Each structure stands twice: as structure tokens, then as C-alpha cells.
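Pasting model.json here (JSON, C-alpha atoms):
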```json
[["chain", "number", "residue", "atom", "x", "y", "z"],
["A", 1067, "MET", "CA", 0.00, 0.00, 0.00],
["A", 1068, "ASN", "CA", 1.50, 3.33, -1.05],
["A", 1069, "ASN", "CA", 1.76, 6.03, 1.56],
["A", 1070, "ARG", "CA", 3.21, 9.47, 2.25],
["A", 1071, "LEU", "CA", 5.01, 8.47, 5.41],
["A", 1072, "LYS", "CA", 8.51, 9.23, 4.13],
["A", 1073, "VAL", "CA", 7.47, 12.68, 2.89],
["A", 1074, "LEU", "CA", 5.61, 13.52, 6.08],
["A", 1075, "ARG", "CA", 8.56, 12.38, 8.15],
["A", 1076, "ALA", "CA", 11.03, 14.37, 6.05],
["A", 1077, "GLU", "CA", 8.88, 17.50, 6.37],
["A", 1078, "ARG", "CA", 9.32, 17.27, 10.13],
["A", 1079, "ASN", "CA", 13.01, 16.36, 9.93],
["A", 1080, "TRP", "CA", 12.38, 13.11, 11.74],
["A", 1081, "SER", "CA", 14.55, 10.06, 11.28],
["A", 1082, "GLN", "CA", 12.96, 6.62, 11.09],
["A", 1083, "ASN", "CA", 14.09, 6.13, 14.67],
["A", 1084, "ASP", "CA", 12.35, 9.35, 15.76],
["A", 1085, "LEU", "CA", 9.11, 8.24, 14.14],
["A", 1086, "ALA", "CA", 9.45, 4.74, 15.57],
["A", 1087, "GLU", "CA", 9.85, 6.14, 19.08],
["A", 1088, "ARG", "CA", 6.80, 8.36, 18.66],
["A", 1089, "LEU", "CA", 4.73, 5.43, 17.44],
["A", 1090, "ASP", "CA", 6.18, 2.99, 19.97],
["A", 1091, "VAL", "CA", 7.22, 0.53, 17.26],
["A", 1092, "SER", "CA", 10.59, -0.63, 15.96],
["A", 1093, "ARG", "CA", 12.53, 1.27, 13.29],
["A", 1094, "GLN", "CA", 12.24, -1.90, 11.25],
["A", 1095, "SER", "CA", 8.45, -1.49, 11.28],
["A", 1096, "VAL", "CA", 8.63, 2.12, 10.14],
["A", 1097, "ASN", "CA", 10.94, 1.13, 7.32],
["A", 1098, "ALA", "CA", 8.67, -1.75, 6.25],
["A", 1099, "ILE", "CA", 5.62, 0.53, 6.20],
["A", 1100, "GLU", "CA", 7.41, 3.33, 4.36],
["A", 1101, "THR", "CA", 8.66, 1.00, 1.65],
["A", 1102, "GLY", "CA", 5.25, -0.63, 1.27],
["A", 1103, "LYS", "CA", 6.49, -4.04, 2.43],
["A", 1104, "TYR", "CA", 4.01, -4.09, 5.27],
["A", 1105, "ASP", "CA", 0.50, -2.70, 5.60],
["A", 1106, "PRO", "CA", -0.14, -1.58, 9.17],
["A", 1107, "SER", "CA", -3.16, -2.67, 11.13],
["A", 1108, "LEU", "CA", -6.03, -0.22, 11.41],
["A", 1109, "PRO", "CA", -5.11, 0.84, 14.98],
["A", 1110, "LEU", "CA", -1.50, 1.53, 13.93],
["A", 1111, "ALA", "CA", -2.66, 3.36, 10.79],
["A", 1112, "PHE", "CA", -4.86, 5.57, 13.00],
["A", 1113, "ARG", "CA", -1.91, 6.22, 15.32],
["A", 1114, "ILE", "CA", 0.25, 7.24, 12.37],
["A", 1115, "ALA", "CA", -2.42, 9.53, 10.92],
["A", 1116, "GLU", "CA", -3.14, 11.11, 14.29],
["A", 1117, "LEU", "CA", 0.56, 11.71, 14.91],
["A", 1118, "PHE", "CA", 0.70, 13.81, 11.74],
["A", 1119, "GLY", "CA", -2.69, 15.41, 12.40],
["A", 1120, "LEU", "CA", -4.13, 13.93, 9.23],
["A", 1121, "THR", "CA", -6.77, 11.40, 8.26],
["A", 1122, "ILE", "CA", -5.81, 7.87, 7.25],
["A", 1123, "GLU", "CA", -6.72, 8.65, 3.63],
["A", 1124, "GLU", "CA", -4.29, 11.56, 3.66],
["A", 1125, "VAL", "CA", -1.45, 9.29, 4.70],
["A", 1126, "PHE", "CA", -2.29, 6.01, 2.98],
["A", 1127, "GLU", "CA", -3.42, 5.55, -0.59],
["A", 1128, "SER", "CA", -6.40, 3.27, -0.97],
["A", 1129, "PRO", "CA", -5.38, 0.32, -3.19],
["A", 1130, "SER", "CA", -8.88, 0.01, -4.65],
["A", 1131, "ARG", "CA", -9.11, 3.70, -5.51],
["A", 1132, "ARG", "CA", -5.63, 3.52, -7.00],
["A", 1133, "ARG", "CA", -6.71, 0.60, -9.22],
["A", 1134, "SER", "CA", -9.75, 2.51, -10.43],
["A", 1135, "GLY", "CA", -7.60, 5.55, -11.16],
["A", 1136, "ALA", "CA", -9.45, 7.77, -8.71],
["A", 1137, "ILE", "CA", -6.19, 8.95, -7.15],
["B", 66, "MET", "CA", 16.76, -20.19, 20.13],
["B", 67, "LEU", "CA", 16.85, -16.45, 20.39],
["B", 68, "VAL", "CA", 14.43, -14.45, 18.34],
["B", 69, "MET", "CA", 16.68, -13.68, 15.44],
["B", 70, "ILE", "CA", 14.76, -10.92, 13.75],
["B", 71, "ASP", "CA", 17.30, -8.36, 12.67],
["B", 72, "SER", "CA", 19.75, -9.79, 15.14],
["B", 73, "LEU", "CA", 22.62, -9.90, 12.69],
["B", 74, "LYS", "CA", 23.04, -6.15, 12.77],
["B", 75, "ARG", "CA", 20.99, -4.85, 15.67],
["B", 76, "SER", "CA", 22.51, -4.31, 19.06],
["B", 77, "PRO", "CA", 20.64, -5.86, 22.01],
["B", 78, "SER", "CA", 19.40, -2.41, 23.00],
["B", 79, "CYS", "CA", 17.48, -2.24, 19.71],
["B", 80, "TRP", "CA", 15.42, -5.34, 20.48],
["B", 81, "THR", "CA", 11.82, -4.89, 21.49],
["B", 82, "PRO", "CA", 11.08, -5.37, 25.20],
["B", 83, "ALA", "CA", 9.32, -8.66, 24.40],
["B", 84, "GLN", "CA", 12.35, -9.88, 22.44],
["B", 85, "ARG", "CA", 14.66, -8.99, 25.30],
["B", 86, "ALA", "CA", 12.46, -10.87, 27.77],
["B", 87, "HIS", "CA", 12.25, -13.88, 25.43],
["B", 88, "ASN", "CA", 16.00, -13.89, 24.84],
["B", 89, "ARG", "CA", 16.63, -13.74, 28.58],
["B", 90, "ARG", "CA", 14.31, -16.72, 29.14],
["B", 91, "VAL", "CA", 15.98, -18.69, 26.32],
["B", 92, "ILE", "CA", 19.48, -18.04, 27.69],
["B", 93, "ILE", "CA", 18.40, -19.19, 31.15],
["B", 94, "ALA", "CA", 16.76, -22.29, 29.64],
["B", 95, "SER", "CA", 19.87, -23.06, 27.57],
["B", 96, "LEU", "CA", 22.12, -22.83, 30.62],
["B", 97, "ALA", "CA", 19.74, -25.05, 32.59],
["B", 98, "TYR", "CA", 19.70, -27.52, 29.67],
["B", 99, "VAL", "CA", 23.49, -27.82, 29.60],
["B", 100, "ALA", "CA", 23.65, -28.00, 33.40],
["B", 101, "ALA", "CA", 21.12, -30.83, 33.39],
["B", 102, "LEU", "CA", 22.25, -32.73, 30.30],
["B", 103, "LEU", "CA", 25.90, -33.34, 31.11],
["B", 104, "PRO", "CA", 25.48, -34.93, 34.55],
["B", 105, "VAL", "CA", 22.39, -36.89, 33.46],
["B", 106, "VAL", "CA", 24.19, -38.37, 30.45],
["B", 107, "TYR", "CA", 27.17, -39.22, 32.64],
["B", 108, "VAL", "CA", 25.24, -41.00, 35.39],
["B", 109, "VAL", "CA", 22.93, -42.86, 32.98],
["B", 110, "ARG", "CA", 25.69, -43.97, 30.58],
["B", 111, "HIS", "CA", 27.86, -45.14, 33.47],
["B", 112, "GLY", "CA", 24.98, -47.05, 35.04],
["B", 113, "LEU", "CA", 25.12, -45.05, 38.26],
["B", 114, "VAL", "CA", 21.32, -44.86, 38.66],
["B", 115, "THR", "CA", 18.67, -47.38, 39.53],
["B", 116, "ASP", "CA", 15.87, -48.11, 37.07],
["B", 117, "GLY", "CA", 13.40, -46.09, 39.13],
["B", 118, "TRP", "CA", 15.43, -42.93, 38.61],
["B", 119, "ARG", "CA", 16.00, -43.33, 34.88],
["B", 120, "ILE", "CA", 12.69, -41.84, 33.74],
["B", 121, "PRO", "CA", 12.78, -38.69, 35.91],
["B", 122, "LEU", "CA", 16.44, -38.19, 35.08],
["B", 123, "ALA", "CA", 15.79, -38.66, 31.36],
["B", 124, "LEU", "CA", 13.09, -36.00, 31.52],
["B", 125, "LEU", "CA", 15.29, -33.52, 33.37],
["B", 126, "PRO", "CA", 17.09, -32.08, 30.28],
["B", 127, "ALA", "CA", 13.75, -32.00, 28.43],
["B", 128, "MET", "CA", 12.28, -29.53, 30.92],
["B", 129, "PRO", "CA", 14.35, -26.49, 29.91],
["B", 130, "VAL", "CA", 13.68, -27.25, 26.23],
["B", 131, "ALA", "CA", 9.94, -27.42, 26.92],
["B", 132, "PHE", "CA", 10.28, -24.11, 28.78],
["B", 133, "MET", "CA", 12.03, -22.67, 25.70],
["B", 134, "PHE", "CA", 9.09, -23.58, 23.46],
["B", 135, "GLY", "CA", 6.70, -22.15, 26.03],
["B", 136, "SER", "CA", 8.71, -18.96, 25.87],
["B", 137, "TYR", "CA", 7.85, -18.64, 22.16],
["B", 138, "ALA", "CA", 4.15, -18.73, 22.97],
["B", 139, "ARG", "CA", 4.64, -16.15, 25.70],
["B", 140, "TYR", "CA", 6.75, -14.00, 23.38],
["B", 141, "LEU", "CA", 4.05, -13.95, 20.71],
["B", 142, "SER", "CA", 1.46, -12.83, 23.25],
["B", 143, "GLU", "CA", 3.78, -10.16, 24.66],
["B", 144, "GLU", "CA", 5.16, -8.70, 21.42],
["B", 145, "LYS", "CA", 3.53, -5.31, 20.84],
["B", 146, "ASP", "CA", 5.32, -4.57, 17.57],
["B", 147, "GLU", "CA", 2.94, -6.04, 15.02],
["B", 148, "TYR", "CA", 5.44, -6.13, 12.15],
["B", 149, "VAL", "CA", 8.12, -7.91, 14.19],
["B", 150, "ARG", "CA", 5.47, -10.32, 15.49],
["B", 151, "MET", "CA", 4.36, -11.06, 11.92],
["B", 152, "LEU", "CA", 7.94, -11.83, 10.90],
["B", 153, "VAL", "CA", 8.41, -14.21, 13.83],
["B", 154, "VAL", "CA", 5.07, -15.92, 13.10],
["B", 155, "ASN", "CA", 6.19, -16.42, 9.49],
["B", 156, "GLN", "CA", 9.48, -17.95, 10.68],
["B", 157, "ILE", "CA", 7.59, -20.26, 13.04],
["B", 158, "LEU", "CA", 5.29, -21.33, 10.20],
["B", 159, "VAL", "CA", 8.26, -22.17, 7.97],
["B", 160, "ALA", "CA", 10.03, -24.03, 10.79],
["B", 161, "THR", "CA", 6.89, -25.96, 11.73],
["B", 162, "THR", "CA", 6.16, -26.93, 8.12],
["B", 163, "VAL", "CA", 9.71, -28.12, 7.42],
["B", 164, "SER", "CA", 10.03, -30.07, 10.69],
["B", 165, "MET", "CA", 6.61, -31.71, 10.43],
["B", 166, "VAL", "CA", 7.22, -32.72, 6.81],
["B", 167, "CYS", "CA", 10.61, -34.17, 7.76],
["B", 168, "ALA", "CA", 9.09, -35.96, 10.78],
["B", 169, "VAL", "CA", 6.36, -37.55, 8.64],
["B", 170, "PHE", "CA", 8.77, -38.52, 5.85],
["B", 171, "TRP", "CA", 11.27, -40.04, 8.28],
["B", 172, "GLY", "CA", 8.47, -41.80, 10.15],
["B", 173, "PHE", "CA", 7.32, -43.59, 7.00],
["B", 174, "LEU", "CA", 10.90, -44.25, 5.92],
["B", 175, "THR", "CA", 11.55, -45.86, 9.31],
["B", 176, "ASP", "CA", 8.37, -47.90, 9.31],
["B", 177, "LEU", "CA", 8.33, -48.99, 5.69],
["B", 178, "GLY", "CA", 11.60, -48.01, 4.06],
["B", 179, "GLY", "CA", 14.11, -49.60, 6.36],
["B", 180, "ALA", "CA", 15.62, -46.33, 7.56],
["B", 181, "PRO", "CA", 17.12, -46.33, 11.05],
["B", 182, "PRO", "CA", 14.95, -44.78, 13.79],
["B", 183, "ILE", "CA", 16.18, -41.52, 15.29],
["B", 184, "ALA", "CA", 15.33, -39.82, 18.58],
["B", 185, "THR", "CA", 12.27, -37.60, 18.20],
["B", 186, "TYR", "CA", 13.97, -34.68, 19.94],
["B", 187, "TRP", "CA", 15.76, -34.09, 16.64],
["B", 188, "ILE", "CA", 12.46, -32.66, 15.39],
["B", 189, "ALA", "CA", 12.84, -29.88, 17.97],
["B", 190, "VAL", "CA", 16.47, -29.34, 16.97],
["B", 191, "LEU", "CA", 15.43, -29.13, 13.31],
["B", 192, "TRP", "CA", 12.60, -26.72, 14.19],
["B", 193, "ILE", "CA", 15.01, -24.38, 15.98],
["B", 194, "ALA", "CA", 17.60, -24.61, 13.21],
["B", 195, "VAL", "CA", 15.08, -23.88, 10.45],
["B", 196, "GLN", "CA", 13.65, -21.00, 12.46],
["B", 197, "GLY", "CA", 17.15, -19.52, 12.70],
["B", 198, "VAL", "CA", 17.87, -19.99, 9.00],
["B", 199, "SER", "CA", 14.48, -18.50, 8.14],
["B", 200, "ALA", "CA", 15.29, -15.43, 10.27],
["B", 201, "CYS", "CA", 18.64, -15.02, 8.50],
["B", 202, "ILE", "CA", 16.96, -15.27, 5.08],
["B", 203, "ALA", "CA", 14.38, -12.67, 6.14],
["B", 204, "ARG", "CA", 17.21, -10.38, 7.22],
["B", 205, "ILE", "CA", 19.09, -10.84, 3.95],
["B", 206, "ARG", "CA", 15.90, -10.06, 2.03],
["B", 207, "GLY", "CA", 15.69, -6.83, 3.99],
["B", 208, "ALA", "CA", 12.64, -7.68, 6.06]]
```
So, in terms of C-alpha cells, how does the structure I just supplied come out?
Amino acid sequence: MNNRLKVLRAERNWSQNDLAERLDVSRQSVNAIETGKYDPSLPLAFRIAELFGLTIEEVFESPSRRRSGAI
Amino acid sequence: MLVMIDSLKRSPSCWTPAQRAHNRRVIIASLAYVAALLPVVYVVRHGLVTDGWRIPLALLPAMPVAFMFGSYARYLSEEKDEYVRMLVVNQILVATTVSMVCAVFWGFLTDLGGAPPIATYWIAVLWIAVQGVSACIARIRGA
């Protein structure tokens, strides 16, 4: 699942470690989510979105909407 | 076996709290295993025990190993990092599949194919080894 995590993190000058600490997950997890290797659970996706003050849709790209070309 | 996620490059301080707790339990179990195995093998092989003591003594080294497997179950329930937990679950699935397939194949080979019987604790050894190899492969793949 594509997402804007790397951009949002860079805008705040946060390293992957910084973000991992704020989310209470491992840096490995942040890296896996950023690179699209792992889709976070809904609770973690909410935590990520809330950390950046955004909605989930503003952080993560819906795969179905992407397929239909809506995004 | 220690949880080997990312362990090739990560320092112990980078492990999740659940991994640290699991690793601590596994180290204690391993030490207890060695401490139990060596004297038990010695006294049994040298015929220094009566028949009544053979069964409890034979089970003594098995206890720490059983504790080690219990630690995996506890680890999975304690791990808060969902991605790390998913990786470990995948490694356990691979290890379980490989060891069960080998156990079934060797069982039929022993029964029907004339292969020599081997002690069943080798299934546990194989499980741990495959789990370790699977963790290394995951690391190399950049998981």
C-alpha cells in the first residue's frame, strides 16, 4: 500500500528512529511501512495519521481507488 | 533459540522489550539444559542410577527445552510490535512446516523403508535450526 510516510517524516526532519519512538514501534516497522512491504493494522494506521494530524486517507493511498484511477 | 529478527546487525538495545524478555528466558533455559544434560548423560551412561530414577532423570534435560518452546508462545502474546510479530510468526510457520514434513517422511521411511529410527527430539532441533535460518533469510531479504 502506497503512503506518504517518508514525505511527512522528512517534512518534520524526523529520522525513522524518531518516528518509531513516537509510534512505539521498531525502526524496522517504520521502514517496512514506508517502503510498502508491510500494511499496518487499522489501529496503527490511526496512530500514524493522528501523529501527523491527518486522516488515514491523507497518509495512505487506498489500493482500490488507485486501481480505479481515482487517485 | 533467540528471536533472530534483525539480530545480525541490531545491538541488544534495539530489540523490542518482548524480544529482550524472550532472549533472557531462552538463555536461562539453555544454561539449565546444559547444566542438566551433562550430569544426566554421565550417570545414565555409566549405570550409576537405579531403574526407578532413569525416567525422571531422562526428563530432566527436556524440561528447559519445553520451557524454551513455552517462551515462544509467551513472546508472541507479549510482542507489541505487530510487524516484528508477523515476521516471527512467518518464521515459526516455515520451521513448523519443514520439521513436520521431515518428521512424517522419516516416520514412513523408518516404518516402511528400512531407515534407522532416530530420537524424536531431533524434530525440535530441526525446528530451531530452520527457524534460525528463516530469520537469517528474512534479514538478507531486507525484512
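Straight-line separation from atom CA of Leu1108 of chain A to atom CA of Leu141 of chain B: 19.4 Å.
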In the coordinate frame of the file, compute which residues have an atom within 7 Å of (0.0, -2.3, -2.2) when using all atoms listed in the file, and state them as a PyMOL selection string.
chain A and resi 1067-1068+1102+1129
ask   = Which of these residues is nearest to chain A, using only C-alpha atoms: B:Tyr148, B:Tyr107, B:Trp118, B:Tyr137?
value =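 Checking each candidate against chain A, we get B:Tyr148 as the closest.
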Residue contacts of Asn1083 of chain A (10 Å, only C-alpha atoms) excluding same-chain residues fewer than 6 positions away, as a PyMOL selection string:
chain A and resi 1089+1091-1094+1096-1097
For a quick check of understanding, using all atoms listed in the file, which of A:Leu1071, A:Ala1098, A:Ala1076, A:Leu1085 has the smallest distance to chain B?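 With all atoms listed in the file as the atom set, the closest residue is A:Ala1098.
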Quiz prompt | Point-to-point distance in Å for atom CA of Trp192 of chain B and atom CA of Thr162 of chain B | solution =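 Computed distance, atom CA of Thr162 of chain B to atom CA of Trp192 of chain B, equals 8.9 Å.
With only C-alpha atoms as the atoms that count, the residue of B:Leu103, B:Val114, B:Ala184, B:Ile202 with the shortest distance to Pro126 of chain B is B:Leu103.
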(message) Tell me as a list of chain:residue names which residues belonging to chain B come within 9 Å of chain A, counting only C-alpha atoms.
(response)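 Using only C-alpha atoms, chain B residues at most 9 Å from chain A: B:Asp71, B:Cys79, B:Trp80, B:Thr81, B:Lys145, B:Asp146, B:Glu147, B:Tyr148, B:Val149, B:Gly207, B:Ala208.
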Pick out the residues sitting within 12 Å of Ile183 of chain B, and hand them over as a list of chain:residue names; count all atoms listed in the file, and ignore anything fewer than 4 positions along from it in its own chain.
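Skipping anything fewer than 4 positions along the chain leaves B:Cys167, B:Ala168, B:Trp171, B:Gly172, B:Leu174, B:Thr175, B:Asp176, B:Trp187, B:Ile188.
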| query | atom CA of Met133 of chain B and atom CA of Ala83 of chain B, how far apart in Å? | reply |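 These two atoms are separated by 14.3 Å.
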So which residues fall inside 12 Å of (14.9, -33.9, 32.5) if we count all atoms listed in the file? Mind giving them as a CSV table (one decimal) with C-alpha atoms, in the frame of the given file?
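Just written: part-v4.csv:
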```csv
chain,number,residue,atom,x,y,z
B,97,ALA,CA,19.7,-25.0,32.6
B,98,TYR,CA,19.7,-27.5,29.7
B,99,VAL,CA,23.5,-27.8,29.6
B,100,ALA,CA,23.6,-28.0,33.4
B,101,ALA,CA,21.1,-30.8,33.4
B,102,LEU,CA,22.2,-32.7,30.3
B,103,LEU,CA,25.9,-33.3,31.1
B,104,PRO,CA,25.5,-34.9,34.6
B,105,VAL,CA,22.4,-36.9,33.5
B,106,VAL,CA,24.2,-38.4,30.4
B,118,TRP,CA,15.4,-42.9,38.6
B,119,ARG,CA,16.0,-43.3,34.9
B,120,ILE,CA,12.7,-41.8,33.7
B,121,PRO,CA,12.8,-38.7,35.9
B,122,LEU,CA,16.4,-38.2,35.1
B,123,ALA,CA,15.8,-38.7,31.4
B,124,LEU,CA,13.1,-36.0,31.5
B,125,LEU,CA,15.3,-33.5,33.4
B,126,PRO,CA,17.1,-32.1,30.3
B,127,ALA,CA,13.8,-32.0,28.4
B,128,MET,CA,12.3,-29.5,30.9
B,129,PRO,CA,14.4,-26.5,29.9
B,130,VAL,CA,13.7,-27.2,26.2
B,131,ALA,CA,9.9,-27.4,26.9
B,132,PHE,CA,10.3,-24.1,28.8
```
Centre and edge lengths, as lines of an AutoDock Vina configuration file, for the axis-aligned box enclosing every listed atom of segment 1074-1086 of chain A with 4 Å of padding on each of the six sides, in Å to one decimal?
```
center_x = 10.1
center_y = 11.1
center_z = 10.9
size_x = 16.9
size_y = 20.8
size_z = 17.7
```
Residue rebuild result segment 1090-1126 of chain A, N, CA and C atoms as a CSV table (one decimal), in the coordinates of the input:
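New file result34.csv:
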```csv
chain,number,residue,atom,x,y,z
A,1090,ASP,N,5.9,4.1,19.1
A,1090,ASP,CA,6.2,3.0,20.0
A,1090,ASP,C,6.2,1.7,19.2
A,1091,VAL,N,6.9,1.7,18.1
A,1091,VAL,CA,7.2,0.5,17.3
A,1091,VAL,C,8.7,0.5,16.9
A,1092,SER,N,9.2,-0.6,16.3
A,1092,SER,CA,10.6,-0.6,16.0
A,1092,SER,C,10.9,0.2,14.7
A,1093,ARG,N,12.1,0.6,14.5
A,1093,ARG,CA,12.5,1.3,13.3
A,1093,ARG,C,12.3,0.4,12.1
A,1094,GLN,N,12.5,-0.9,12.3
A,1094,GLN,CA,12.2,-1.9,11.2
A,1094,GLN,C,10.8,-1.8,10.7
A,1095,SER,N,9.9,-1.6,11.7
A,1095,SER,CA,8.4,-1.5,11.3
A,1095,SER,C,8.2,-0.2,10.4
A,1096,VAL,N,8.8,0.9,10.9
A,1096,VAL,CA,8.6,2.1,10.1
A,1096,VAL,C,9.2,2.0,8.7
A,1097,ASN,N,10.3,1.3,8.6
A,1097,ASN,CA,10.9,1.1,7.3
A,1097,ASN,C,10.1,0.2,6.4
A,1098,ALA,N,9.5,-0.8,7.0
A,1098,ALA,CA,8.7,-1.8,6.2
A,1098,ALA,C,7.4,-1.0,5.8
A,1099,ILE,N,6.8,-0.2,6.6
A,1099,ILE,CA,5.6,0.5,6.2
A,1099,ILE,C,5.9,1.6,5.1
A,1100,GLU,N,7.0,2.3,5.3
A,1100,GLU,CA,7.4,3.3,4.4
A,1100,GLU,C,7.7,2.8,3.0
A,1101,THR,N,8.3,1.6,2.9
A,1101,THR,CA,8.7,1.0,1.6
A,1101,THR,C,7.5,0.2,1.1
A,1102,GLY,N,6.4,0.1,1.8
A,1102,GLY,CA,5.2,-0.6,1.3
A,1102,GLY,C,5.3,-2.1,1.4
A,1103,LYS,N,6.3,-2.6,2.2
A,1103,LYS,CA,6.5,-4.0,2.4
A,1103,LYS,C,5.5,-4.6,3.4
A,1104,TYR,N,4.9,-3.7,4.2
A,1104,TYR,CA,4.0,-4.1,5.3
A,1104,TYR,C,2.9,-3.1,5.4
A,1105,ASP,N,1.7,-3.6,5.4
A,1105,ASP,CA,0.5,-2.7,5.6
A,1105,ASP,C,0.1,-2.7,7.1
A,1106,PRO,N,0.1,-1.6,7.7
A,1106,PRO,CA,-0.1,-1.6,9.2
A,1106,PRO,C,-1.6,-1.9,9.5
A,1107,SER,N,-1.8,-2.4,10.7
A,1107,SER,CA,-3.2,-2.7,11.1
A,1107,SER,C,-3.9,-1.3,11.2
A,1108,LEU,N,-5.2,-1.4,11.3
A,1108,LEU,CA,-6.0,-0.2,11.4
A,1108,LEU,C,-5.7,0.6,12.6
A,1109,PRO,N,-5.5,0.0,13.8
A,1109,PRO,CA,-5.1,0.8,15.0
A,1109,PRO,C,-3.8,1.6,14.8
A,1110,LEU,N,-2.8,0.9,14.2
A,1110,LEU,CA,-1.5,1.5,13.9
A,1110,LEU,C,-1.6,2.6,12.9
A,1111,ALA,N,-2.4,2.3,11.8
A,1111,ALA,CA,-2.7,3.4,10.8
A,1111,ALA,C,-3.3,4.6,11.4
A,1112,PHE,N,-4.2,4.4,12.3
A,1112,PHE,CA,-4.9,5.6,13.0
A,1112,PHE,C,-3.8,6.3,13.8
A,1113,ARG,N,-2.9,5.6,14.5
A,1113,ARG,CA,-1.9,6.2,15.3
A,1113,ARG,C,-1.0,7.1,14.5
A,1114,ILE,N,-0.6,6.5,13.3
A,1114,ILE,CA,0.2,7.2,12.4
A,1114,ILE,C,-0.4,8.5,11.9
A,1115,ALA,N,-1.7,8.4,11.4
A,1115,ALA,CA,-2.4,9.5,10.9
A,1115,ALA,C,-2.6,10.6,12.0
A,1116,GLU,N,-2.9,10.2,13.2
A,1116,GLU,CA,-3.1,11.1,14.3
A,1116,GLU,C,-1.9,11.8,14.7
A,1117,LEU,N,-0.7,11.1,14.6
A,1117,LEU,CA,0.6,11.7,14.9
A,1117,LEU,C,0.9,12.9,14.0
A,1118,PHE,N,0.5,12.7,12.7
A,1118,PHE,CA,0.7,13.8,11.7
A,1118,PHE,C,-0.5,14.8,11.7
A,1119,GLY,N,-1.5,14.5,12.4
A,1119,GLY,CA,-2.7,15.4,12.4
A,1119,GLY,C,-3.5,15.3,11.1
A,1120,LEU,N,-3.5,14.1,10.5
A,1120,LEU,CA,-4.1,13.9,9.2
A,1120,LEU,C,-5.1,12.8,9.3
A,1121,THR,N,-5.9,12.6,8.3
A,1121,THR,CA,-6.8,11.4,8.3
A,1121,THR,C,-6.0,10.3,7.6
A,1122,ILE,N,-6.5,9.0,7.8
A,1122,ILE,CA,-5.8,7.9,7.2
A,1122,ILE,C,-5.7,8.0,5.7
A,1123,GLU,N,-6.7,8.5,5.1
A,1123,GLU,CA,-6.7,8.6,3.6
A,1123,GLU,C,-5.7,9.6,3.2
A,1124,GLU,N,-5.3,10.6,4.0
A,1124,GLU,CA,-4.3,11.6,3.7
A,1124,GLU,C,-2.9,11.0,3.8
A,1125,VAL,N,-2.8,9.9,4.5
A,1125,VAL,CA,-1.4,9.3,4.7
A,1125,VAL,C,-1.3,8.1,3.8
A,1126,PHE,N,-2.3,7.3,3.8
A,1126,PHE,CA,-2.3,6.0,3.0
A,1126,PHE,C,-3.2,6.1,1.7
```
